[in-house]
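Student: So here's target.txt, just compact mmCIF, C-alpha atoms:
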```
# COMPACT_ATOMS: atom_id res chain seq x y z
CA MET A 293 -7.11 12.22 11.72
CA LYS A 294 -4.35 9.62 11.56
CA LEU A 295 -0.90 10.53 12.83
CA PHE A 296 0.64 9.91 9.40
CA HIS A 297 -1.84 12.24 7.66
CA LEU A 298 -1.31 14.92 10.31
CA VAL A 299 2.48 14.73 9.94
CA MET A 300 2.30 14.82 6.13
CA TRP A 301 -0.14 17.75 6.15
CA ARG A 302 1.98 19.82 8.51
CA MET A 303 5.16 18.95 6.65
CA SER A 304 3.57 19.91 3.32
CA ALA A 305 2.44 23.25 4.75
CA MET A 306 5.92 24.00 6.09
CA LEU A 307 7.56 22.95 2.83
CA VAL A 308 5.25 25.21 0.82
CA VAL A 309 6.25 28.20 2.95
CA ILE A 310 9.96 27.31 2.96
CA LEU A 311 10.18 26.58 -0.77
CA THR A 312 8.16 29.69 -1.65
CA CYS A 313 10.53 31.86 0.37
CA TRP A 314 13.46 30.07 -1.25
CA ALA A 315 12.00 30.70 -4.72
CA VAL A 316 11.55 34.42 -4.05
CA LEU A 317 15.08 34.76 -2.64
CA PHE A 318 16.48 32.72 -5.53
CA TYR A 319 14.80 34.99 -8.08
CA LEU A 320 16.00 38.15 -6.31
CA ALA A 321 19.53 36.74 -6.09
CA VAL A 322 19.56 35.87 -9.81
CA MET A 323 18.26 39.30 -10.80
CA GLU A 324 20.74 41.01 -8.46
CA GLU A 325 23.60 39.06 -9.98
CA VAL A 326 22.45 39.86 -13.53
CA ASN A 327 22.06 43.55 -12.75
CA ASP A 328 25.41 43.63 -10.97
CA GLU A 329 27.22 42.20 -13.97
CA VAL A 330 25.47 44.58 -16.37
CA ASP A 331 26.10 47.54 -14.06
CA ASP A 332 29.82 46.72 -13.91
CA SER A 333 29.96 46.63 -17.71
CA LEU A 334 28.06 49.93 -17.96
CA SER A 335 30.28 51.52 -15.33
CA ASP A 336 33.46 50.51 -17.20
CA TYR A 337 32.04 51.75 -20.51
CA ALA A 338 30.87 55.06 -18.97
CA GLU A 339 34.26 55.57 -17.32
CA SER A 340 36.07 55.15 -20.64
CA LEU A 341 33.70 57.63 -22.31
CA ILE A 342 34.20 60.21 -19.54
CA ILE A 343 38.00 59.88 -19.78
CA ARG A 344 37.93 60.36 -23.53
CA SER A 345 35.60 63.34 -23.19
CA LEU A 346 37.75 65.04 -20.56
CA SER A 347 40.99 64.35 -22.44
CA GLY A 348 39.57 65.81 -25.66
CA GLU A 349 39.87 62.56 -27.61
CA LYS A 350 37.50 61.72 -30.38
CA MET A 351 34.33 60.13 -29.03
CA PRO A 352 33.14 56.82 -30.49
CA ASP A 353 29.88 56.48 -32.39
CA THR A 354 26.80 56.80 -30.20
CA SER A 355 25.79 53.32 -31.36
CA ASN A 356 28.36 50.56 -31.80
CA GLY A 357 28.24 46.94 -32.87
CA SER A 358 27.54 45.68 -29.40
CA ASN A 359 24.19 47.55 -29.41
CA ASN A 360 25.49 49.86 -26.68
CA GLN A 361 24.34 53.44 -27.06
CA TYR A 362 25.18 56.62 -25.22
CA PHE A 363 24.17 60.26 -25.11
CA LEU A 364 26.37 63.07 -23.83
CA TYR A 365 25.09 66.59 -23.30
CA ASP A 366 25.66 69.69 -21.18
CA VAL A 367 23.52 70.35 -18.12
CA SER A 368 23.24 73.24 -15.72
CA ALA A 369 24.75 73.36 -12.27
CA GLU A 370 21.26 73.41 -10.75
CA TYR A 371 20.32 70.24 -12.64
CA ALA A 372 23.55 68.58 -11.59
CA ALA A 373 22.94 69.47 -7.96
CA SER A 374 19.37 68.10 -8.00
CA TYR A 375 20.20 64.63 -9.38
CA PRO A 376 22.48 61.92 -8.04
CA LYS A 377 25.93 61.64 -9.55
CA ILE A 378 25.20 58.10 -10.79
CA SER A 379 22.05 56.00 -11.09
CA TYR A 380 20.84 52.79 -12.74
CA ARG A 381 17.40 51.82 -14.04
CA ASP A 382 15.64 49.46 -16.44
CA GLU A 383 13.82 50.86 -19.45
CA MET A 384 12.61 49.95 -22.94
CA VAL A 385 14.79 51.73 -25.52
CA TYR A 386 14.98 51.85 -29.27
CA ILE A 387 18.08 50.09 -30.69
CA THR A 388 19.12 51.91 -33.83
CA ALA A 389 21.22 49.02 -35.17
CA LYS A 390 18.27 46.60 -34.93
CA GLY A 391 15.46 49.04 -35.55
CA GLU A 392 13.40 47.70 -32.65
CA THR A 393 12.64 48.37 -29.03
CA GLU A 394 14.29 46.14 -26.43
CA PRO A 395 14.73 46.14 -22.68
CA ALA A 396 17.91 47.85 -21.62
CA ARG A 397 19.87 48.72 -18.54
CA ILE A 398 20.59 52.46 -18.29
CA LEU A 399 23.37 54.23 -16.44
CA MET A 400 23.04 57.95 -15.87
CA THR A 401 25.98 59.89 -14.48
CA ILE A 402 26.91 63.56 -14.17
CA PHE A 403 30.53 64.74 -14.23
CA GLN A 404 32.25 68.13 -14.14
CA LYS A 405 34.44 69.36 -16.98
CA ASP A 406 37.75 71.18 -16.60
CA ASP A 407 36.08 74.53 -17.23
CA GLY A 408 33.65 73.97 -14.33
CA GLY A 409 30.65 73.05 -16.49
CA TYR A 410 28.62 69.86 -16.04
CA MET A 411 27.76 67.13 -18.50
CA GLU A 412 25.38 64.20 -18.24
CA LEU A 413 26.24 60.84 -19.74
CA VAL A 414 23.48 58.33 -20.44
CA VAL A 415 24.64 54.84 -21.45
CA TYR A 416 22.28 52.11 -22.67
CA THR A 417 23.08 48.45 -22.98
CA PRO A 418 20.56 45.77 -24.01
CA THR A 419 19.79 43.30 -21.27
CA ILE A 420 17.77 40.14 -20.87
CA GLU A 421 13.96 40.02 -21.12
CA LYS A 422 13.11 40.00 -17.45
CA TYR A 423 9.54 38.86 -18.13
CA ASP A 424 10.89 35.86 -20.06
CA LEU A 425 13.38 35.26 -17.26
CA GLN A 426 10.60 35.39 -14.71
CA ARG A 427 8.55 32.86 -16.65
CA ALA A 428 11.55 30.58 -17.11
CA ILE A 429 12.53 30.81 -13.46
CA LEU A 430 8.92 30.29 -12.38
CA GLY A 431 8.58 27.23 -14.60
CA TRP A 432 11.74 25.66 -13.28
CA ILE A 433 10.91 26.60 -9.70
CA VAL A 434 7.47 24.98 -9.99
CA PHE A 435 9.02 21.88 -11.52
CA LEU A 436 11.72 21.71 -8.85
CA TYR A 437 9.19 22.52 -6.13
CA VAL A 438 6.83 19.70 -7.13
CA LEU A 439 9.73 17.29 -7.59
CA LEU A 440 11.33 18.21 -4.26
CA LEU A 441 8.00 18.15 -2.44
CA LEU A 442 7.09 14.71 -3.76
CA MET A 443 10.55 13.34 -3.06
CA ILE A 444 10.67 14.80 0.46
CA LEU A 445 7.18 13.52 1.26
CA ALA A 446 7.98 10.10 -0.20
CA VAL A 447 11.19 9.85 1.81
CA ASN A 448 9.45 11.05 4.97
CA ALA A 449 6.57 8.62 4.43
CA TRP A 450 9.03 5.75 4.06
CA VAL A 451 11.00 6.89 7.12
CA PHE A 452 7.77 7.38 9.11
CA TYR A 453 6.35 3.95 8.35
CA ARG A 454 9.75 2.34 8.77
CA ASN A 455 10.32 3.83 12.20
CA MET A 456 6.71 3.74 13.40
CA ARG A 457 6.19 0.07 12.54
CA PRO A 458 6.42 -0.99 16.22
CA LEU A 459 3.66 1.49 17.06
CA TYR A 460 1.32 0.01 14.45
CA THR A 461 2.17 -3.47 15.70
CA LEU A 462 1.27 -2.35 19.23
CA LEU A 463 -1.99 -0.75 18.08
CA LYS A 464 -3.02 -3.89 16.19
CA TRP A 465 -2.12 -6.03 19.22
CA LEU A 466 -4.23 -3.82 21.51
CA GLU A 467 -7.11 -3.73 19.04
CA ASN A 468 -7.28 -7.53 18.85
CA TYR A 469 -6.64 -8.04 22.55
CA ARG A 470 -9.46 -9.72 24.46
CA LEU A 471 -9.52 -10.62 28.11
CA GLY A 472 -9.30 -14.33 28.66
CA SER A 473 -7.75 -15.07 25.26
CA LYS A 474 -4.12 -16.12 25.29
CA ARG A 475 -1.96 -13.98 23.01
CA GLU A 476 1.74 -13.81 22.38
CA PRO A 477 3.36 -10.96 24.37
CA LEU A 478 4.83 -8.00 22.52
CA ASP A 479 8.51 -7.95 21.61
CA GLU A 480 10.49 -6.20 24.35
CA SER A 481 13.86 -6.28 22.55
CA LEU A 482 13.31 -3.30 20.23
CA ARG A 483 16.17 -0.88 19.53
CA ILE A 484 14.00 2.21 20.04
CA VAL A 485 13.79 2.90 23.76
CA GLU A 486 10.34 4.53 23.71
CA PHE A 487 8.72 1.66 21.80
CA ARG A 488 10.45 -0.89 24.00
CA LYS A 489 9.03 0.79 27.10
CA LEU A 490 5.58 0.96 25.50
CA ASN A 491 5.65 -2.76 24.78
CA GLU A 492 6.85 -3.51 28.31
CA ALA A 493 4.02 -1.39 29.76
CA ALA A 494 1.44 -3.08 27.48
CA ASN A 495 2.65 -6.55 28.48
CA LEU A 496 2.57 -5.61 32.16
CA PHE A 497 -0.92 -4.14 31.80
CA SER A 498 -2.07 -7.31 30.04
CA GLU A 499 -0.72 -9.53 32.81
CA ARG A 500 -2.42 -7.45 35.50
CA SER A 501 -5.71 -7.39 33.57
CA GLU A 502 -5.63 -11.16 33.13
CA GLN A 503 -5.04 -11.64 36.85
CA LEU A 504 -7.92 -9.33 37.76
CA TYR A 505 -10.11 -10.99 35.14
CA GLU A 506 -9.49 -14.42 36.61
CA GLN A 507 -10.18 -13.10 40.11
CA GLN A 508 -13.44 -11.53 38.97
CA LYS A 509 -14.53 -14.71 37.23
CA LEU A 510 -13.80 -16.67 40.40
CA PHE A 511 -15.71 -14.13 42.50
CA ILE A 512 -18.70 -14.13 40.16
CA GLY A 513 -18.83 -17.92 40.14
CA ASN A 514 -18.56 -18.12 43.90
CA ALA A 515 -21.09 -15.34 44.44
CA SER A 516 -23.55 -16.94 42.07
CA HIS A 517 -23.29 -20.29 43.83
CA GLU A 518 -23.19 -18.99 47.40
CA MET A 519 -26.10 -16.55 47.01
CA GLN A 520 -28.42 -18.65 44.89
CA THR A 521 -28.31 -21.62 47.25
CA PRO A 522 -29.48 -19.74 50.40
CA LEU A 523 -32.14 -17.96 48.39
CA ALA A 524 -33.45 -21.25 47.01
CA ILE A 525 -33.48 -22.77 50.51
CA CYS A 526 -35.43 -19.81 51.88
CA ARG A 527 -37.98 -20.06 49.09
CA ASN A 528 -38.42 -23.78 49.61
CA ARG A 529 -38.92 -23.31 53.34
CA LEU A 530 -41.48 -20.59 52.79
CA GLU A 531 -43.32 -22.80 50.32
CA MET A 532 -43.37 -25.59 52.93
CA LEU A 533 -44.69 -23.19 55.58
CA MET A 534 -47.38 -21.96 53.19
CA GLU A 535 -48.69 -25.54 52.95
CA ASP A 536 -49.34 -25.65 56.72
CA ASP A 537 -53.11 -25.82 57.29
CA THR A 538 -52.82 -24.21 60.72
CA LEU A 539 -51.78 -20.85 59.27
CA THR A 540 -54.19 -18.00 59.49
CA GLU A 541 -55.13 -16.02 56.41
CA LYS A 542 -53.06 -13.06 57.59
CA GLN A 543 -49.99 -15.24 58.18
CA LEU A 544 -50.37 -16.83 54.75
CA SER A 545 -50.61 -13.39 53.16
CA GLU A 546 -47.41 -12.27 54.85
CA LEU A 547 -45.60 -15.43 53.77
CA MET A 548 -46.71 -14.88 50.17
CA LYS A 549 -45.36 -11.32 50.26
CA THR A 550 -42.05 -12.58 51.63
CA HIS A 551 -41.94 -15.25 48.92
CA ARG A 552 -42.47 -12.65 46.18
CA THR A 553 -39.72 -10.51 47.69
CA LEU A 554 -37.32 -13.48 47.62
CA GLU A 555 -38.23 -14.17 43.99
CA ASN A 556 -37.50 -10.54 43.11
CA LEU A 557 -34.22 -10.76 45.00
CA THR A 558 -33.32 -13.93 43.09
CA ARG A 559 -34.06 -12.27 39.75
CA LEU A 560 -32.13 -9.19 40.81
CA ASN A 561 -29.12 -11.31 41.80
CA LYS A 562 -29.18 -13.16 38.49
CA SER A 563 -29.44 -9.89 36.53
CA LEU A 564 -26.53 -8.30 38.38
CA LEU A 565 -24.35 -11.36 37.86
CA LEU A 566 -25.28 -11.38 34.20
CA LEU A 567 -24.37 -7.69 33.86
CA CYS A 568 -21.03 -8.36 35.51
CA LYS A 569 -20.33 -11.23 33.12
CA ILE A 570 -21.24 -9.09 30.11
CA ASP A 571 -18.97 -6.26 31.28
CA ASN A 572 -16.14 -8.77 31.77
CA ARG A 573 -16.81 -10.36 28.35
CA GLN A 574 -17.19 -13.84 29.78
CA PHE A 575 -19.42 -15.04 26.93
CA THR A 576 -17.15 -16.56 24.31
CA ASP A 577 -19.60 -18.93 22.59
CA VAL A 578 -20.00 -16.60 19.60
CA LYS A 579 -21.75 -17.88 16.49
CA PRO A 580 -24.01 -16.56 13.69
CA ILE A 581 -27.57 -16.09 14.99
CA CYS A 582 -30.70 -15.02 13.09
CA LEU A 583 -32.55 -12.88 15.65
CA ASN A 584 -35.99 -13.11 14.04
CA GLU A 585 -35.86 -16.93 14.09
CA LEU A 586 -34.70 -16.90 17.71
CA LEU A 587 -37.47 -14.51 18.72
CA MET A 588 -40.17 -16.77 17.29
CA HIS A 589 -39.23 -19.46 19.84
CA TYR A 590 -40.27 -17.16 22.72
CA LEU A 591 -43.01 -15.01 21.20
CA ASP A 592 -45.81 -17.54 21.66
CA ASP A 593 -44.88 -18.05 25.32
CA TYR A 594 -45.11 -14.30 25.99
CA LYS A 595 -48.41 -14.07 24.10
CA GLU A 596 -49.81 -16.81 26.31
CA VAL A 597 -48.52 -15.26 29.54
CA TYR A 598 -49.91 -11.81 28.72
CA ALA A 599 -53.06 -13.00 26.92
CA TYR A 600 -55.25 -11.39 29.57
CA ARG A 601 -54.09 -7.95 28.41
CA ARG A 602 -55.39 -8.58 24.83
CA VAL A 603 -52.25 -7.16 23.24
CA GLN A 604 -52.08 -7.48 19.45
CA VAL A 605 -48.64 -8.49 18.10
CA ASN A 606 -47.65 -7.84 14.46
CA VAL A 607 -44.41 -9.24 13.05
CA HIS A 608 -42.84 -7.88 9.83
CA VAL A 609 -39.82 -9.78 8.50
CA GLU A 610 -38.09 -8.23 5.48
CA ASP A 611 -34.90 -10.24 5.86
CA CYS A 612 -32.90 -12.22 8.40
CA PHE A 613 -31.22 -9.95 10.94
CA GLN A 614 -28.08 -12.00 11.55
CA LEU A 615 -25.42 -11.19 14.13
CA GLU A 616 -22.24 -12.82 15.43
CA MET A 617 -22.89 -13.14 19.17
CA SER A 618 -23.52 -15.48 22.08
CA GLU A 619 -26.87 -17.24 21.80
CA ALA A 620 -27.45 -16.83 25.55
CA LEU A 621 -26.97 -13.07 25.32
CA ALA A 622 -29.08 -12.85 22.15
CA THR A 623 -31.88 -14.57 24.07
CA VAL A 624 -31.52 -12.13 26.98
CA LEU A 625 -31.51 -9.20 24.54
CA LEU A 626 -34.70 -10.23 22.76
CA THR A 627 -36.66 -11.47 25.77
CA ASN A 628 -35.95 -8.33 27.78
CA LEU A 629 -37.12 -6.08 24.94
CA LEU A 630 -40.17 -8.28 24.40
CA LYS A 631 -41.06 -8.40 28.10
CA ASN A 632 -40.56 -4.64 28.38
CA ALA A 633 -42.99 -4.12 25.48
CA PHE A 634 -45.65 -6.43 26.94
CA VAL A 635 -45.36 -4.99 30.46
CA HIS A 636 -45.54 -1.35 29.37
CA THR A 637 -48.18 -1.68 26.64
CA SER A 638 -51.59 -0.51 27.71
CA GLU A 639 -54.39 -3.11 27.74
CA GLY A 640 -55.69 -3.75 24.24
CA GLY A 641 -52.61 -2.07 22.76
CA THR A 642 -50.31 -3.05 19.89
CA ILE A 643 -46.77 -4.38 19.60
CA GLU A 644 -45.00 -4.31 16.23
CA LEU A 645 -41.79 -6.19 15.50
CA THR A 646 -39.83 -5.33 12.33
CA PHE A 647 -36.73 -7.16 11.08
CA THR A 648 -34.47 -6.11 8.21
CA ALA A 649 -31.04 -7.31 7.13
CA SER A 650 -29.34 -4.70 9.31
CA SER A 651 -31.84 -3.71 12.01
CA PHE A 652 -34.46 -4.81 14.52
CA GLU A 653 -37.23 -2.50 15.70
CA ILE A 654 -39.86 -3.08 18.37
CA ARG A 655 -42.78 -0.69 18.85
CA ASN A 656 -45.46 -0.66 21.51
CA THR A 657 -48.27 1.75 22.27
CA GLY A 658 -47.83 4.04 25.23
CA GLU A 659 -49.13 7.20 26.79
CA ALA A 660 -46.06 9.42 27.14
CA SER A 661 -42.42 9.56 26.13
CA LEU A 662 -39.78 8.16 28.46
CA ASP A 663 -36.61 9.95 29.51
CA LYS A 664 -34.25 8.89 26.71
CA ASN A 665 -31.23 10.11 28.71
CA ARG A 666 -31.92 7.80 31.66
CA ILE A 667 -33.97 4.93 30.28
CA PHE A 668 -30.94 2.63 29.98
CA GLU A 669 -29.58 3.41 33.46
CA ARG A 670 -29.46 0.60 35.99
CA PHE A 671 -32.33 0.55 38.51
CA TYR A 672 -34.07 3.44 36.74
CA LYS A 673 -37.86 2.96 36.70
CA GLU A 674 -40.20 5.36 34.91
CA GLY A 675 -43.21 3.73 36.55
CA LYS A 676 -43.41 1.26 39.42
CA LYS A 677 -44.22 -2.09 37.80
CA GLU A 678 -44.62 -5.08 40.10
CA GLY A 679 -41.72 -7.54 39.85
CA SER A 680 -39.53 -5.14 37.84
CA THR A 681 -35.87 -4.98 38.86
CA GLY A 682 -35.02 -1.92 36.75
CA LEU A 683 -32.23 -3.86 35.01
CA GLY A 684 -33.95 -5.14 31.86
CA LEU A 685 -33.07 -2.26 29.55
CA ALA A 686 -29.68 -1.87 31.26
CA LEU A 687 -28.95 -5.47 30.25
CA VAL A 688 -30.04 -4.71 26.68
CA ASP A 689 -27.77 -1.65 26.59
CA SER A 690 -24.76 -3.59 27.97
CA ILE A 691 -25.20 -6.38 25.42
CA CYS A 692 -25.44 -3.87 22.54
CA LYS A 693 -22.30 -2.09 23.73
CA ALA A 694 -20.44 -5.41 24.09
CA TYR A 695 -21.20 -6.29 20.45
CA ARG A 696 -20.98 -2.70 19.14
CA LEU A 697 -24.64 -2.46 18.18
CA ASN A 698 -26.39 0.91 17.94
CA LEU A 699 -29.33 0.99 20.39
CA SER A 700 -31.73 3.94 20.35
CA TYR A 701 -35.12 4.97 21.75
CA ARG A 702 -37.69 7.45 20.50
CA PHE A 703 -41.41 8.19 20.94
CA GLU A 704 -43.50 8.82 17.82
CA ASN A 705 -47.23 8.85 17.15
CA GLY A 706 -48.10 7.43 20.56
CA MET A 707 -45.62 4.54 20.31
CA HIS A 708 -42.38 3.69 22.14
CA ILE A 709 -39.77 2.63 19.60
CA PHE A 710 -36.57 0.73 20.36
CA THR A 711 -34.20 0.21 17.42
CA ILE A 712 -31.07 -1.93 17.15
CA ILE A 713 -28.81 -1.39 14.13
CA SER A 714 -25.75 -3.48 13.36
```
What is this structure when it is put down as structure tokens?
Tutor:
Amino acid sequence: MKLFHLVMWRMSAMLVVILTCWAVLFYLAVMEEVNDEVDDSLSDYAESLIIRSLSGEKMPDTSNGSNNQYFLYDVSAEYAASYPKISYRDEMVYITAKGETEPARILMTIFQKDDGGYMELVVYTPTIEKYDLQRAILGWIVFLYVLLLLMILAVNAWVFYRNMRPLYTLLKWLENYRLGSKREPLDESLRIVEFRKLNEAANLFSERSEQLYEQQKLFIGNASHEMQTPLAICRNRLEMLMEDDTLTEKQLSELMKTHRTLENLTRLNKSLLLLCKIDNRQFTDVKPICLNELLMHYLDDYKEVYAYRRVQVNVHVEDCFQLEMSEALATVLLTNLLKNAFVHTSEGGTIELTFTASSFEIRNTGEASLDKNRIFERFYKEGKKEGSTGLGLALVDSICKAYRLNLSYRFENGMHIFTIIS
């Protein structure tokens, strides 16, 4: 999840809770204020009626023009003692003047007369339709809630993007950064201290990485030159010794074994140097390459070399599998997979090559499944094959990772299957 989406989601959740609580409190406050005003009016009206009753003045009509109504009747001392002296409640009452039932606020109070008796006064006054008020308040609250939520989120989104722009610039710079490619350093004069320090750290890291990269390139070049030359000299000397007619058969056999060991060591050295170059991304000659066309240049050579094994090769081309990569690495990728298939296919077996617009698949017959968790490890060998360095599939895996290709292995119906998907 992106940081922006996470911030907006959490902010929305908090706003929903906060605004919902605000809406409930707002409704309660409005209703409390309405009831308080009505209760004050009822209290004043009831007080005037009690005064007139106690003073013996003529009581007004039980229903007047303001739709207020009252009832006054005697009650027992026991009744008076069991009920509160004054209470308020909401109730639907019949309004005589209108001839209909309406919601009303009711005040009930009990007072004592001069002779010691008790009377109960019930005063009604029409009030607002609380259900209508609830719907009106709810409608306005929803409208205000949506409006406030959208405005708050819009303002926060603008503030977020405005203030986090240096972070996105840094992320884009890091995403496009490649060792060995000269790029403009990040701006270190930002007003925000944290972003300024991040840019300074990124620039410092870039400088150190470039220095180490140059040192590694120099080491790899020197190692390649210094190691290959002595190995070539040793091989040449052994070949010269092997031409000596005075050698015994046993001596010649030992020299041949030593020569094969040197050849394996030479191949191993080249493979390790190539792996190091791939890991350091030292192949910059990237161009569009059609892998099926490139493979055809080497397929006949491998068929000729392994002709004695009578391996049948079937090629299925549905479309050109084109990739943007170094031609040298594409050659290493294909030849290693092809050699692996020829070497590990049983005599008289089958190799199938399938190309589509987005994938390349190579199948070869085999006896048992390989360990898919270790097959791409360096120096891992499932079976001891003569001349194998154990780096072929490790090279294939490194190249696929360098160009973000999906490499997989599976064993189905007696066939080893390697698949590369772009």
Student: Record the distance separating CA of Glu541 in chain A and CA of Glu555 in chain A, expressed in Å with one decimal.
Tutor: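 So the answer is 21.1 Å.
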Student: Kindly indicate which residue among A:Ile310, A:Leu630, A:Ile378, A:Met519 lies nearest to Thr558 in chain A, using all atoms listed in the file for the distances.
Tutor: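 Looking at the shortest contact to Thr558 in chain A, the residue is A:Met519.
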Student: If we count all atoms listed in the file and set the cut-off at 7 Å, which residues sit around Phe363 in chain A, ignoring sequence neighbours fewer than 4 positions away in its own chain? Please answer as a PDB file with C-alpha atoms, in the frame of the given file.
Tutor:
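Produced file result_31.pdb, reproduced below:
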```pdb
ATOM      1  CA  THR A 354      26.800  56.800 -30.200  1.00  0.00           C
ATOM      2  CA  LEU A 413      26.240  60.840 -19.740  1.00  0.00           C
ATOM      3  CA  VAL A 414      23.480  58.330 -20.440  1.00  0.00           C
ATOM      4  CA  VAL A 415      24.640  54.840 -21.450  1.00  0.00           C
TER       5      VAL A 415
END
```
Student: Can you work out which one of A:Ile713, A:Met351, A:Met411, A:Leu482 has the shortest atom-to-atom distance to Ser651 in chain A, counting all atoms listed in the file?
Tutor: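 Closest candidate: A:Ile713.
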Student: Which of these, A:Asp406, A:Glu412, A:Glu619, A:Glu499, has the shortest distance to Ala338 in chain A once you count all atoms listed in the file?
Tutor: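 Looking only at the distances to Ala338 in chain A, the closest residue turns out to be A:Glu412.
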Student: Please report the interatomic distance between CA of Leu478 in chain A and CA of Asn455 in chain A in Å with one decimal.
Tutor: 16.6 Å
Student: As an exercise, work out the distance from CA of Val603 in chain A to CA of Thr646 in chain A in Å and give it to one decimal place.
Tutor: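 Calculated distance between CA of Val603 in chain A and CA of Thr646 in chain A is 16.6 Å.
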Student: Once you count all atoms listed in the file, which residues end up no further than 8 Å from (-57.2, -2.4, 32.5) in the file's frame, shown as a list in words?
Tutor: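 The residues that fall inside the cut-off are Arg601, Ser638 and Glu639 of chain A.
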Student: Report as an MDAnalysis selection string all protein, DNA and RNA residues lying within 10 Å of Ala369 in chain A, evaluated on all atoms listed in the file, omitting residues in the same chain fewer than 6 positions from it.
Tutor: chainID A and resid 404 408:411
Student: With distances taken over all atoms listed in the file, which residue among A:Glu653, A:Asp689, A:Asp353, A:Glu585 lies nearest Glu669 in chain A?
Tutor: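 Checking each candidate against Glu669 in chain A, we get A:Asp689 as the closest.
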Student: With distances taken over all atoms listed in the file, which residue among A:Arg666, A:Ala622, A:Tyr598, A:Ala494 lies nearest Val635 in chain A?
Tutor: A:Tyr598
Student: Got a sec: who's within 8 Å of Pro477 in chain A, counting all atoms listed in the file, leaving out chain neighbours fewer than 2 positions off, as a list in words?
Tutor: Arg475, Asp479 and Asn495 of chain A
Student: Residues near Leu307 in chain A, anyone? I mean within 10 Å using all atoms listed in the file, not counting same-chain ones fewer than 5 positions away, as a ChimeraX atom specification.
Tutor: /A:301-302,312-313,437,440-441,444-445
Student: Under the rule that all atoms listed in the file are counted, which of A:Ile342, A:Thr419, A:Asn632, A:Leu364 is the nearest residue to Glu329 in chain A?
Tutor: A:Thr419
Student: Scan for residues within 8 Å of the point (-52.3, -3.4, 24.5) in the coordinates of the file, using all atoms listed in the file, and reply as a list of chain:residue names.
Tutor: A:Arg601, A:Arg602, A:Val603, A:Gln604, A:Phe634, A:Thr637, A:Ser638, A:Glu639, A:Gly640, A:Gly641, A:Thr642, A:Ile643, A:Asn656, A:Thr657
Student: All heavy atoms for range 437-441 of chain A, written as a CSV table (one decimal), in the frame of the given file, could you do that?
Tutor:
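Written file, selection-v4.csv:
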```csv
chain,number,residue,atom,x,y,z
A,437,TYR,N,10.0,22.5,-7.3
A,437,TYR,CA,9.2,22.5,-6.1
A,437,TYR,C,8.4,21.2,-6.0
A,437,TYR,O,8.4,20.6,-5.0
A,437,TYR,CB,8.3,23.7,-6.1
A,437,TYR,CG,7.2,23.6,-5.1
A,437,TYR,CD1,7.5,23.8,-3.7
A,437,TYR,CD2,5.9,23.3,-5.4
A,437,TYR,CE1,6.5,23.7,-2.8
A,437,TYR,CE2,4.9,23.2,-4.5
A,437,TYR,CZ,5.2,23.4,-3.2
A,437,TYR,OH,4.2,23.3,-2.2
A,438,VAL,N,7.7,20.9,-7.1
A,438,VAL,CA,6.8,19.7,-7.1
A,438,VAL,C,7.7,18.5,-7.0
A,438,VAL,O,7.4,17.5,-6.2
A,438,VAL,CB,6.0,19.6,-8.4
A,438,VAL,CG1,5.3,18.3,-8.5
A,438,VAL,CG2,5.0,20.8,-8.5
A,439,LEU,N,8.8,18.4,-7.7
A,439,LEU,CA,9.7,17.3,-7.6
A,439,LEU,C,10.3,17.1,-6.2
A,439,LEU,O,10.3,16.1,-5.6
A,439,LEU,CB,10.9,17.4,-8.6
A,439,LEU,CG,11.9,16.3,-8.7
A,439,LEU,CD1,11.2,15.0,-9.1
A,439,LEU,CD2,13.0,16.6,-9.6
A,440,LEU,N,10.8,18.3,-5.6
A,440,LEU,CA,11.3,18.2,-4.3
A,440,LEU,C,10.3,17.8,-3.2
A,440,LEU,O,10.5,17.0,-2.3
A,440,LEU,CB,12.0,19.6,-3.9
A,440,LEU,CG,13.3,19.9,-4.5
A,440,LEU,CD1,13.7,21.3,-4.2
A,440,LEU,CD2,14.4,18.9,-4.0
A,441,LEU,N,9.1,18.4,-3.4
A,441,LEU,CA,8.0,18.2,-2.4
A,441,LEU,C,7.6,16.7,-2.5
A,441,LEU,O,7.5,16.0,-1.4
A,441,LEU,CB,6.8,19.0,-2.8
A,441,LEU,CG,5.6,18.9,-1.8
A,441,LEU,CD1,5.9,19.3,-0.4
A,441,LEU,CD2,4.4,19.7,-2.3
```
